[in-house]
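This is coords10.txt (compact mmCIF, C-alpha atoms).
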# COMPACT_ATOMS: atom_id res chain seq x y z
CA ILE A 1 -26.45 -16.48 12.43
CA ALA A 2 -24.46 -19.18 10.64
CA GLN A 3 -22.80 -22.38 11.71
CA LEU A 4 -19.47 -23.95 10.83
CA GLU A 5 -19.12 -27.70 11.14
CA ILE A 6 -15.55 -28.67 12.04
CA THR A 7 -14.62 -31.82 10.13
CA ALA A 8 -11.40 -33.81 10.47
CA ASP A 9 -9.58 -31.89 7.74
CA HIS A 10 -11.23 -28.52 8.40
CA PRO A 11 -8.83 -25.52 8.38
CA LEU A 12 -10.04 -24.49 11.87
CA VAL A 13 -9.00 -27.76 13.51
CA GLY A 14 -6.44 -26.99 16.21
CA VAL A 15 -7.16 -23.24 16.24
CA SER A 16 -7.14 -21.86 19.80
CA SER A 17 -8.84 -18.80 21.18
CA LYS A 18 -6.75 -15.73 21.95
CA ALA A 19 -8.19 -13.10 24.28
CA GLY A 20 -11.56 -14.75 23.76
CA LEU A 21 -11.37 -14.52 19.94
CA PHE A 22 -10.48 -16.93 17.15
CA PRO A 23 -8.02 -15.16 14.75
CA PRO A 24 -9.20 -16.86 11.51
CA LEU A 25 -12.75 -15.64 12.32
CA ARG A 26 -11.77 -12.04 12.96
CA ASP A 27 -14.79 -10.67 11.04
CA MET A 28 -17.23 -12.98 12.81
CA THR A 29 -18.49 -13.14 16.38
CA VAL A 30 -18.51 -16.63 17.84
CA ARG A 31 -21.72 -17.02 19.84
CA MET A 32 -21.39 -20.64 20.90
CA ILE A 33 -19.42 -23.83 20.33
CA GLN A 34 -21.42 -27.05 20.47
CA ARG A 35 -19.15 -29.92 21.51
CA GLY A 36 -21.19 -33.09 21.64
CA GLU A 37 -23.98 -32.50 24.14
CA HIS A 38 -22.17 -29.64 25.85
CA PRO A 39 -22.44 -26.02 24.66
CA ILE A 40 -19.42 -23.79 25.28
CA LEU A 41 -20.41 -20.15 25.74
CA PRO A 42 -18.22 -17.03 25.73
CA PRO A 43 -15.88 -15.83 27.04
CA PHE A 44 -13.72 -18.43 25.35
CA GLU A 45 -10.55 -19.04 27.33
CA ASP A 46 -8.04 -21.66 26.17
CA VAL A 47 -10.58 -23.28 23.87
CA THR A 48 -9.13 -25.29 20.98
CA LEU A 49 -11.41 -26.39 18.16
CA ILE A 50 -11.51 -30.11 17.47
CA PRO A 51 -13.24 -32.30 14.85
CA GLY A 52 -16.94 -32.62 15.60
CA ASP A 53 -17.34 -29.12 17.00
CA VAL A 54 -20.12 -26.96 15.61
CA VAL A 55 -19.32 -23.24 15.79
CA ILE A 56 -22.25 -20.81 15.85
CA VAL A 57 -21.19 -17.39 14.52
CA ALA A 58 -22.80 -14.02 13.95
CA ALA A 59 -21.61 -12.26 10.79
CA THR A 60 -22.81 -9.83 8.18
CA ARG A 61 -24.08 -11.08 4.86
CA GLN A 62 -21.08 -9.38 3.21
CA THR A 63 -18.63 -11.29 5.40
CA LEU A 64 -20.22 -14.63 4.52
CA THR A 65 -20.34 -13.70 0.84
CA GLU A 66 -16.67 -12.72 0.78
CA ALA A 67 -15.76 -15.98 2.51
CA LEU A 68 -17.46 -17.92 -0.29
CA LYS A 69 -16.12 -15.71 -3.07
CA SER A 70 -12.53 -15.93 -1.85
CA GLY A 71 -12.60 -19.71 -1.79
CA SER A 72 -12.27 -19.83 1.99
CA ARG A 73 -12.59 -23.37 3.36
CA ILE A 74 -14.46 -22.41 6.53
CA PHE A 75 -17.68 -23.88 5.10
CA GLU A 76 -15.86 -27.01 4.00
CA GLY A 77 -17.71 -30.19 4.71
CA MET A 78 -21.05 -28.56 5.45
CA LEU A 79 -21.78 -27.41 1.89
CA GLU A 80 -20.46 -30.54 0.21
CA GLU A 81 -22.44 -32.76 2.58
CA ARG A 82 -25.70 -30.91 2.10
CA PHE A 83 -25.41 -30.67 -1.67
CA ALA A 84 -24.35 -34.29 -1.95
CA GLU A 85 -27.63 -35.30 -0.35
CA GLY A 86 -29.38 -34.78 -3.63
CA VAL A 87 -28.57 -31.51 -5.32
CA GLU A 88 -26.36 -32.31 -8.28
CA THR A 89 -24.65 -30.09 -10.87
CA ASN A 90 -23.09 -31.48 -14.07
CA GLY A 91 -23.15 -35.00 -12.70
CA GLY A 92 -21.47 -34.25 -9.39
CA PRO A 93 -22.06 -32.54 -6.09
CA ALA A 94 -22.36 -28.77 -6.34
CA LYS A 95 -19.71 -26.68 -4.63
CA PRO A 96 -19.53 -23.01 -3.74
CA GLY A 97 -18.70 -21.16 -6.94
CA GLY A 98 -19.55 -21.36 -10.63
CA GLU A 99 -23.23 -20.70 -11.29
CA LEU A 100 -24.26 -20.71 -7.64
CA ILE A 101 -26.31 -17.75 -6.39
CA LEU A 102 -26.36 -16.33 -2.87
CA ALA A 103 -29.61 -14.51 -2.01
CA GLU A 104 -31.85 -13.49 0.88
CA THR A 105 -35.42 -14.60 1.45
CA VAL A 106 -37.93 -13.50 4.10
CA VAL A 107 -40.28 -15.89 5.88
CA ALA A 108 -43.71 -14.61 4.85
CA PRO A 109 -46.56 -13.95 7.31
CA GLY A 110 -48.78 -17.02 7.43
CA SER A 111 -45.99 -19.20 6.04
CA ARG A 112 -46.15 -22.93 6.73
CA MET A 113 -42.52 -22.68 7.82
CA ILE A 114 -43.38 -20.66 10.97
CA GLY A 115 -42.68 -22.62 14.13
CA GLN A 116 -40.62 -25.25 12.34
CA THR A 117 -36.88 -25.77 11.92
CA ILE A 118 -34.96 -25.89 8.65
CA GLU A 119 -34.70 -29.68 8.90
CA GLN A 120 -38.39 -30.18 9.68
CA ILE A 121 -39.54 -28.29 6.61
CA ALA A 122 -36.93 -30.07 4.41
CA PHE A 123 -36.02 -26.75 2.83
CA ARG A 124 -33.29 -28.22 0.65
CA HIS A 125 -35.54 -30.99 -0.70
CA GLN A 126 -38.34 -28.53 -1.45
CA THR A 127 -36.30 -25.78 -3.06
CA GLY A 128 -32.91 -27.25 -4.01
CA CYS A 129 -31.25 -24.47 -1.97
CA ILE A 130 -29.48 -24.66 1.36
CA VAL A 131 -29.71 -22.18 4.22
CA LEU A 132 -26.37 -20.70 5.24
CA GLY A 133 -27.63 -18.27 7.88
CA ILE A 134 -30.64 -16.79 9.64
CA GLN A 135 -31.17 -13.15 10.61
CA ARG A 136 -33.78 -12.33 13.24
CA ARG A 137 -33.99 -8.63 13.95
CA SER A 138 -31.61 -7.78 16.81
CA ARG A 139 -32.17 -10.81 19.01
CA MET A 140 -29.12 -12.79 20.07
CA ILE A 141 -29.46 -16.47 19.17
CA ARG A 142 -27.23 -19.10 20.73
CA THR A 143 -28.36 -22.40 19.30
CA LEU A 144 -27.63 -24.69 16.36
CA LEU A 145 -28.90 -23.42 13.04
CA ASN A 146 -31.04 -26.51 12.56
CA ASP A 147 -32.63 -26.05 16.00
CA ILE A 148 -33.91 -22.51 15.34
CA ARG A 149 -37.68 -22.42 14.94
CA LEU A 150 -38.51 -19.92 12.23
CA GLU A 151 -40.69 -16.87 12.79
CA ALA A 152 -42.40 -14.49 10.37
CA GLY A 153 -39.91 -11.88 9.22
CA ASP A 154 -36.83 -14.07 9.61
CA VAL A 155 -34.33 -13.50 6.80
CA LEU A 156 -32.72 -16.63 5.37
CA LEU A 157 -29.42 -16.48 3.51
CA VAL A 158 -29.75 -19.20 0.88
CA LEU A 159 -27.33 -20.71 -1.62
CA GLY A 160 -28.38 -22.56 -4.77
CA LYS A 161 -28.21 -22.72 -8.53
CA GLY A 162 -29.57 -19.73 -10.45
CA VAL A 163 -32.72 -21.52 -11.63
CA GLN A 164 -33.47 -22.83 -8.17
CA VAL A 165 -33.08 -19.41 -6.57
CA GLN A 166 -35.33 -17.85 -9.21
CA ASP A 167 -37.96 -20.53 -8.51
CA LEU A 168 -38.23 -19.13 -4.97
CA ARG A 169 -40.25 -16.27 -6.52
CA HIS A 170 -43.16 -18.70 -6.83
CA ASN A 171 -42.79 -20.06 -3.30
CA ARG A 172 -45.63 -18.84 -1.07
CA ASP A 173 -43.74 -19.48 2.16
CA VAL A 174 -40.82 -17.13 1.48
CA LEU A 175 -40.35 -13.79 -0.25
CA LEU A 176 -37.25 -13.64 -2.44
CA LEU A 177 -35.31 -10.36 -2.21
CA GLU A 178 -34.12 -10.40 -5.81
CA TRP A 179 -31.92 -7.33 -5.36
CA SER A 180 -29.82 -9.31 -2.90
CA ALA A 181 -28.89 -12.07 -5.36
CA THR A 182 -25.13 -12.39 -5.83
CA GLU A 183 -23.48 -14.80 -8.22
CA LEU A 184 -20.46 -16.49 -6.72
CA PRO A 185 -17.35 -16.83 -8.88
CA ASP A 186 -15.44 -20.09 -8.89
CA PRO A 187 -12.02 -19.50 -7.24
CA LYS A 188 -10.66 -22.51 -9.12
CA LEU A 189 -10.89 -20.52 -12.36
CA ALA A 190 -8.59 -17.81 -11.01
CA HIS A 191 -5.48 -19.48 -12.46
CA ARG A 192 -7.02 -19.32 -15.95
CA ALA A 193 -7.69 -15.60 -15.59
CA LEU A 194 -4.18 -15.05 -14.25
CA GLY A 195 -2.64 -17.00 -17.12
CA ILE A 196 -4.58 -15.04 -19.75
CA PHE A 197 -3.70 -11.74 -18.09
CA GLY A 198 -0.02 -12.70 -17.93
CA ALA A 199 -0.02 -13.70 -21.61
CA MET A 200 -1.63 -10.37 -22.55
CA VAL A 201 1.01 -8.39 -20.65
CA ALA A 202 3.83 -10.50 -22.14
CA VAL A 203 2.82 -10.03 -25.78
CA VAL A 204 2.41 -6.27 -25.22
CA LEU A 205 5.80 -5.92 -23.53
CA LEU A 206 7.47 -7.93 -26.31
CA GLY A 207 5.86 -5.64 -28.88
CA LEU A 208 4.17 -8.51 -30.71
CA VAL A 209 0.74 -6.82 -30.87
CA PRO A 210 -0.67 -3.42 -29.84
CA ILE A 211 -2.21 -3.23 -26.37
CA GLU A 212 -5.68 -2.54 -27.85
CA ILE A 213 -5.69 -5.80 -29.80
CA ALA A 214 -4.14 -7.76 -26.92
CA SER A 215 -6.76 -6.46 -24.47
CA VAL A 216 -9.72 -7.35 -26.69
CA ALA A 217 -8.21 -10.77 -27.43
CA ALA A 218 -7.68 -11.39 -23.70
CA ALA A 219 -11.28 -10.43 -22.95
CA GLY A 220 -12.44 -12.91 -25.58
CA ALA A 221 -10.16 -15.58 -24.15
CA ILE A 222 -11.61 -15.03 -20.67
CA ILE A 223 -15.08 -15.82 -22.05
CA ALA A 224 -13.83 -18.72 -24.18
CA ALA A 225 -12.08 -20.25 -21.15
CA GLY A 226 -15.31 -20.19 -19.17
CA VAL A 227 -14.08 -17.78 -16.51
CA LEU A 228 -16.98 -15.44 -17.35
CA ASN A 229 -20.03 -15.92 -19.50
CA VAL A 230 -21.23 -13.33 -22.00
CA ARG A 231 -23.82 -11.95 -19.57
CA GLN A 232 -21.25 -11.44 -16.82
CA ALA A 233 -18.81 -9.81 -19.22
CA ALA A 234 -21.46 -7.43 -20.57
CA ARG A 235 -22.52 -6.54 -17.04
CA ALA A 236 -18.93 -5.57 -16.20
CA ILE A 237 -19.00 -2.75 -18.78
CA ASP A 238 -19.98 0.51 -17.09
CA ARG A 239 -21.65 2.58 -19.80
CA ARG A 240 -21.56 5.67 -17.60
CA ILE A 241 -17.77 5.70 -17.87
CA PHE A 242 -17.93 5.90 -21.67
CA LEU A 243 -20.45 8.71 -21.46
CA MET A 244 -18.28 10.61 -18.98
CA VAL A 245 -15.09 10.13 -21.01
CA GLY A 246 -16.87 11.32 -24.14
CA ALA A 247 -18.34 14.32 -22.30
CA MET A 248 -14.95 15.37 -20.89
CA LEU A 249 -13.34 15.07 -24.33
CA GLY A 250 -16.04 17.45 -25.55
CA VAL A 251 -15.33 19.90 -22.71
CA ALA A 252 -11.62 19.76 -23.45
CA ALA A 253 -12.22 20.39 -27.14
CA ALA A 254 -14.47 23.35 -26.31
CA LEU A 255 -11.89 24.96 -24.00
CA GLU A 256 -9.21 24.47 -26.61
CA ALA A 257 -11.28 25.71 -29.56
CA THR A 258 -12.59 28.83 -27.83
CA GLY A 259 -9.16 29.82 -26.54
CA GLY A 260 -10.24 29.57 -22.91
CA ALA A 261 -7.51 27.14 -21.94
CA ARG A 262 -4.81 29.17 -23.73
CA ALA A 263 -5.97 32.34 -21.96
CA ILE A 264 -5.69 30.59 -18.59
CA ALA A 265 -2.21 29.29 -19.40
CA GLU A 266 -0.87 32.61 -20.70
CA ALA A 267 -2.34 34.53 -17.74
CA SER A 268 -0.59 32.17 -15.32
CA VAL A 269 2.79 32.73 -17.02
CA VAL A 270 2.39 36.52 -17.39
CA MET A 271 1.57 36.80 -13.69
CA PHE A 272 5.10 35.68 -12.79
CA SER A 273 6.94 37.33 -15.69
CA GLY A 274 8.77 39.77 -13.40
CA PHE A 275 10.46 37.04 -11.36
CA GLY A 276 13.52 34.92 -12.07
CA VAL A 277 13.63 31.92 -14.37
CA PRO A 278 13.29 29.31 -11.56
CA ILE A 279 10.12 31.00 -10.25
CA ILE A 280 8.64 31.25 -13.77
CA LEU A 281 9.53 27.60 -14.44
CA SER A 282 7.85 26.57 -11.17
CA ALA A 283 4.75 28.63 -11.95
CA PHE A 284 4.64 27.20 -15.47
CA PHE A 285 4.80 23.64 -14.08
CA PHE A 286 2.02 24.43 -11.59
CA ALA A 287 -0.24 25.98 -14.26
CA THR A 288 0.25 22.96 -16.50
CA ALA A 289 -0.43 20.52 -13.63
CA VAL A 290 -3.67 22.33 -12.75
CA THR A 291 -4.85 22.45 -16.37
CA THR A 292 -4.15 18.76 -17.01
CA ASN A 293 -6.67 17.86 -14.31
CA VAL A 294 -9.37 19.67 -16.30
CA LEU A 295 -8.28 18.77 -19.83
CA THR A 296 -6.73 15.49 -20.93
CA ASN A 297 -2.96 15.18 -20.61
CA ASN A 298 -2.55 15.05 -24.41
CA ALA A 299 -4.59 18.21 -24.91
CA THR A 300 -2.65 19.96 -22.15
CA ALA A 301 0.68 19.00 -23.70
CA VAL A 302 -0.40 20.26 -27.12
CA LEU A 303 -1.68 23.48 -25.57
CA PHE A 304 1.32 24.32 -23.39
CA THR A 305 4.22 23.23 -25.61
CA PRO A 306 4.09 26.31 -27.91
CA ILE A 307 3.75 28.55 -24.85
CA ALA A 308 6.72 26.81 -23.25
CA ILE A 309 8.92 27.36 -26.29
CA SER A 310 7.82 31.00 -26.59
CA THR A 311 8.43 31.67 -22.88
CA ALA A 312 11.88 30.04 -22.93
CA THR A 313 12.88 32.06 -26.01
CA GLN A 314 11.87 35.32 -24.33
CA LEU A 315 13.85 34.39 -21.22
CA GLY A 316 16.88 33.31 -23.24
CA VAL A 317 17.05 29.73 -21.88
CA ASP A 318 17.02 26.33 -23.56
CA PRO A 319 13.40 25.67 -24.70
CA MET A 320 13.75 21.99 -23.73
CA VAL A 321 13.82 23.01 -20.05
CA PHE A 322 10.23 24.26 -20.32
CA VAL A 323 9.23 21.45 -22.69
CA TYR A 324 10.32 18.89 -20.10
CA ALA A 325 8.25 20.79 -17.53
CA VAL A 326 5.24 20.35 -19.81
CA ILE A 327 5.94 16.62 -20.19
CA PHE A 328 6.14 16.02 -16.45
CA ALA A 329 3.36 18.40 -15.41
CA ALA A 330 0.91 17.19 -18.07
CA ASN A 331 1.05 13.75 -16.47
CA CYS A 332 0.15 15.00 -12.99
CA SER A 333 -3.46 14.17 -13.77
CA PHE A 334 -4.49 12.40 -10.58
CA ALA A 335 -6.36 15.13 -8.66
CA THR A 336 -9.69 14.73 -10.51
CA PRO A 337 -11.49 11.74 -12.02
CA MET A 338 -11.71 13.45 -15.43
CA GLY A 339 -7.99 14.24 -15.47
CA TYR A 340 -7.22 10.93 -17.15
CA GLN A 341 -9.33 8.16 -18.65
CA THR A 342 -7.90 5.55 -16.29
CA ASN A 343 -9.14 7.56 -13.32
CA LEU A 344 -12.66 7.27 -14.71
CA LEU A 345 -12.26 3.56 -15.39
CA VAL A 346 -11.43 2.77 -11.76
CA MET A 347 -13.94 5.24 -10.31
CA GLY A 348 -16.95 2.96 -10.70
CA PRO A 349 -15.49 -0.44 -9.68
CA GLY A 350 -13.59 1.18 -6.80
CA HIS A 351 -16.68 3.08 -5.56
CA TYR A 352 -14.61 6.28 -5.46
CA GLU A 353 -16.04 9.77 -5.26
CA PHE A 354 -14.74 13.04 -6.70
CA ARG A 355 -13.40 14.08 -3.31
CA ASP A 356 -11.33 10.88 -3.06
CA PHE A 357 -9.30 11.91 -6.09
CA VAL A 358 -8.93 15.47 -4.81
CA ARG A 359 -7.92 14.33 -1.34
CA THR A 360 -5.36 11.79 -2.56
CA GLY A 361 -4.20 13.34 -5.84
CA THR A 362 -3.72 16.95 -4.74
CA PRO A 363 -0.91 16.20 -2.24
CA LEU A 364 0.81 14.09 -4.88
CA VAL A 365 0.60 16.90 -7.46
CA ILE A 366 2.01 19.37 -4.91
CA LEU A 367 4.82 16.96 -4.03
CA LEU A 368 5.84 16.56 -7.68
CA TRP A 369 5.58 20.31 -8.26
CA LEU A 370 7.86 21.08 -5.31
CA ALA A 371 10.30 18.35 -6.30
CA TYR A 372 10.57 19.65 -9.88
CA SER A 373 10.79 23.28 -8.71
CA LEU A 374 13.79 22.42 -6.50
CA PHE A 375 15.50 19.88 -8.73
CA ALA A 376 15.14 21.42 -12.22
CA PRO A 377 16.97 24.75 -11.52
CA TRP A 378 19.89 22.85 -9.98
CA TYR A 379 20.01 20.27 -12.78
CA TYR A 380 19.82 22.81 -15.61
CA GLY A 381 21.97 25.41 -13.84
CA LEU A 382 19.32 28.14 -13.92
Turn the structure described in the file into structure tokens.
Amino acid sequence: IAQLEITADHPLVGVSSKAGLFPPLRDMTVRMIQRGEHPILPPFEDVTLIPGDVVIVAATRQTLTEALKSGSRIFEGMLEERFAEGVETNGGPAKPGGELILAETVVAPGSRMIGQTIEQIAFRHQTGCIVLGIQRRSRMIRTLLNDIRLEAGDVLLVLGKGVQVQDLRHNRDVLLLEWSATELPDPKLAHRALGIFGAMVAVVLLGLVPIEIASVAAAGAIIAAGVLNVRQAARAIDRRIFLMVGAMLGVAAALEATGGARAIAEASVVMFSGFGVPIILSAFFFATAVTTNVLTNNATAVLFTPIAISTATQLGVDPMVFVYAVIFAANCSFATPMGYQTNLLVMGPGHYEFRDFVRTGTPLVILLWLAYSLFAPWYYGL
């Protein structure tokens, strides 16, 4: 349960309900609107939000976190007002972003906070953190956040500076769920990151420096500009990806050194040796596309190019026809995460699984295979 205080310049001023819902709050359930002394309960029909309204919403912790991370102004006014009451950062009122931490705490059994409201216990003055929301099992609460009397087991979603949130570990009235702590980025720094990224792309496209040097320099600039600190940057490196890339390079080298990959490739071509050139070319493309999703694309190209030239010579056609098939097919490496290093790099941050690559990449490989099988014979006059 969280509350939004509608100030004069709040983005929700003038927003009207449609079919009982408020479009800007599509991921939240509005439980009540407090307008002066009068509560407005659902269903909301022809209700327009005005300054002074207090909107009580039910939302997941993820929804509230994303609202803060994205720089959404739905908490505008409430956060600034509460922080300005005494919590200062760098000489000025703290705002959502920067070094602020969002975390969950549980009201402990026997806590002095039981039976009291957030205002009565002066939670912000005691801890330096503010309470954004309260979760109480599955009970529906329709009241102002500051009017809710706390019970043992209530989960409080709190926002504060890193040091202040960590100090909650020593607070006997609440239990800090440290695993839930999330550092909020400052949306105002997004333009710096965008500028650095654009500069990196520009110097690479102009050929001024290699992409490896430009990427490392851009990463350093991101830290120097204060967009990320060293700890955040180090945490963004997924060591498992490097281990997996190294392991797959070893597997590829083993298949190539033992002749296993060559045997697979030659067997695929020999299988269709009795058919016409278009069928052999199609089969060759397919065999290369399958192999490139097990080996790297470079290793596949090196492996299949001699076979392509040999096959074309035996068939009496231009070797470049089969070489081009190798070039295109070797880059159809999107059906497995180990098919290409970039697949592995996005696997972790994107929370993808092996089956996601198979499910999405396989149809794309088949589409390219069919397109080349139909287009190449016509283009080369086979």
Q | Spatial neighbours of A:Cys129, 8 Å, all atoms listed in the file, chain gap at least 3 places, as a ChimeraX atom specification | A | /A:123-125,158-161,164-165
Q.
Which residues are near stretch 227-231 of chain A? Cut-off 8 Å, all atoms listed in the file, ignore same chain within fewer than 5 positions. Put them as a ChimeraX atom specification.
A. /A:189-190,192-193,222
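Atom to atom, atom CA of A:Arg31 and atom CA of A:Leu144 stand 10.3 Å apart.
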Q) So what do you get for atom CA of A:Ala325 versus atom CA of A:Val346, distance-wise? A) 27.3 Å
Report as JSON the centre and the edge lengths, in Å to one decimal, of the axis-aligned box holding every listed atom of stretch 376-380 of chain A, padded by 4 Å on each side.
{"center_x": 17.6, "center_y": 22.5, "center_z": -12.8, "size_x": 12.9, "size_y": 12.5, "size_z": 13.6}
Q: May I ask which of the residues A:Met271, A:Val55, A:Leu156, A:Cys332 is the closest one to A:Ile33, counting only C-alpha atoms?
A: A:Val55
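Using all atoms listed in the file for every distance, the candidate list A:Gly110, A:Pro278, A:Gly162, A:Gly195 yields A:Gly162 as the residue closest to A:Glu183.
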Q | Nearest candidate to A:Gly339 (options A:Pro11, A:Leu168, A:Thr362, A:Leu175; using only C-alpha atoms) | A |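 Counting only C-alpha atoms, the residue closest to A:Gly339 is A:Thr362.
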Q. To one decimal place, how far is atom CA of A:Met32 from atom CA of A:Arg142 in Å?
A.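 Atom CA of A:Arg142 lies at a distance of 6.0 Å from atom CA of A:Met32.
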**Q.** Best match for closeness to A:Phe354 among A:Thr342, A:Asn331, A:Asn297, A:Thr336, counting all atoms listed in the file
**A.**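 Answer, going by the shortest atom-to-atom distance: A:Thr336.
Considering the residues A:Ile141, A:Ile223, A:Ala58, A:Leu367 and counting all atoms listed in the file, A:Ala289 has its shortest atom-to-atom contact with A:Leu367.
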Q: Would you list the contacts of stretch 317-323 of chain A as a ChimeraX atom specification, taking every protein, DNA or RNA residue within 10 Å and counting only C-alpha atoms, but skipping same-chain residues closer than 3 positions in sequence?
A: /A:277,280-282,284-285,301,304-314,326-329,376-377,379-380,382
Please produce a file of the residues just selected, as a PDB file, in the frame of the given file, where the atoms kept are C-alpha atoms.
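New file result_5.pdb:
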ATOM      1  CA  VAL A 277      13.630  31.920 -14.370  1.00  0.00           C
ATOM      2  CA  ILE A 280       8.640  31.250 -13.770  1.00  0.00           C
ATOM      3  CA  LEU A 281       9.530  27.600 -14.440  1.00  0.00           C
ATOM      4  CA  SER A 282       7.850  26.570 -11.170  1.00  0.00           C
ATOM      5  CA  PHE A 284       4.640  27.200 -15.470  1.00  0.00           C
ATOM      6  CA  PHE A 285       4.800  23.640 -14.080  1.00  0.00           C
ATOM      7  CA  ALA A 301       0.680  19.000 -23.700  1.00  0.00           C
ATOM      8  CA  PHE A 304       1.320  24.320 -23.390  1.00  0.00           C
ATOM      9  CA  THR A 305       4.220  23.230 -25.610  1.00  0.00           C
ATOM     10  CA  PRO A 306       4.090  26.310 -27.910  1.00  0.00           C
ATOM     11  CA  ILE A 307       3.750  28.550 -24.850  1.00  0.00           C
ATOM     12  CA  ALA A 308       6.720  26.810 -23.250  1.00  0.00           C
ATOM     13  CA  ILE A 309       8.920  27.360 -26.290  1.00  0.00           C
ATOM     14  CA  SER A 310       7.820  31.000 -26.590  1.00  0.00           C
ATOM     15  CA  THR A 311       8.430  31.670 -22.880  1.00  0.00           C
ATOM     16  CA  ALA A 312      11.880  30.040 -22.930  1.00  0.00           C
ATOM     17  CA  THR A 313      12.880  32.060 -26.010  1.00  0.00           C
ATOM     18  CA  GLN A 314      11.870  35.320 -24.330  1.00  0.00           C
ATOM     19  CA  VAL A 326       5.240  20.350 -19.810  1.00  0.00           C
ATOM     20  CA  ILE A 327       5.940  16.620 -20.190  1.00  0.00           C
ATOM     21  CA  PHE A 328       6.140  16.020 -16.450  1.00  0.00           C
ATOM     22  CA  ALA A 329       3.360  18.400 -15.410  1.00  0.00           C
ATOM     23  CA  ALA A 376      15.140  21.420 -12.220  1.00  0.00           C
ATOM     24  CA  PRO A 377      16.970  24.750 -11.520  1.00  0.00           C
ATOM     25  CA  TYR A 379      20.010  20.270 -12.780  1.00  0.00           C
ATOM     26  CA  TYR A 380      19.820  22.810 -15.610  1.00  0.00           C
ATOM     27  CA  LEU A 382      19.320  28.140 -13.920  1.00  0.00           C
TER      28      LEU A 382
END
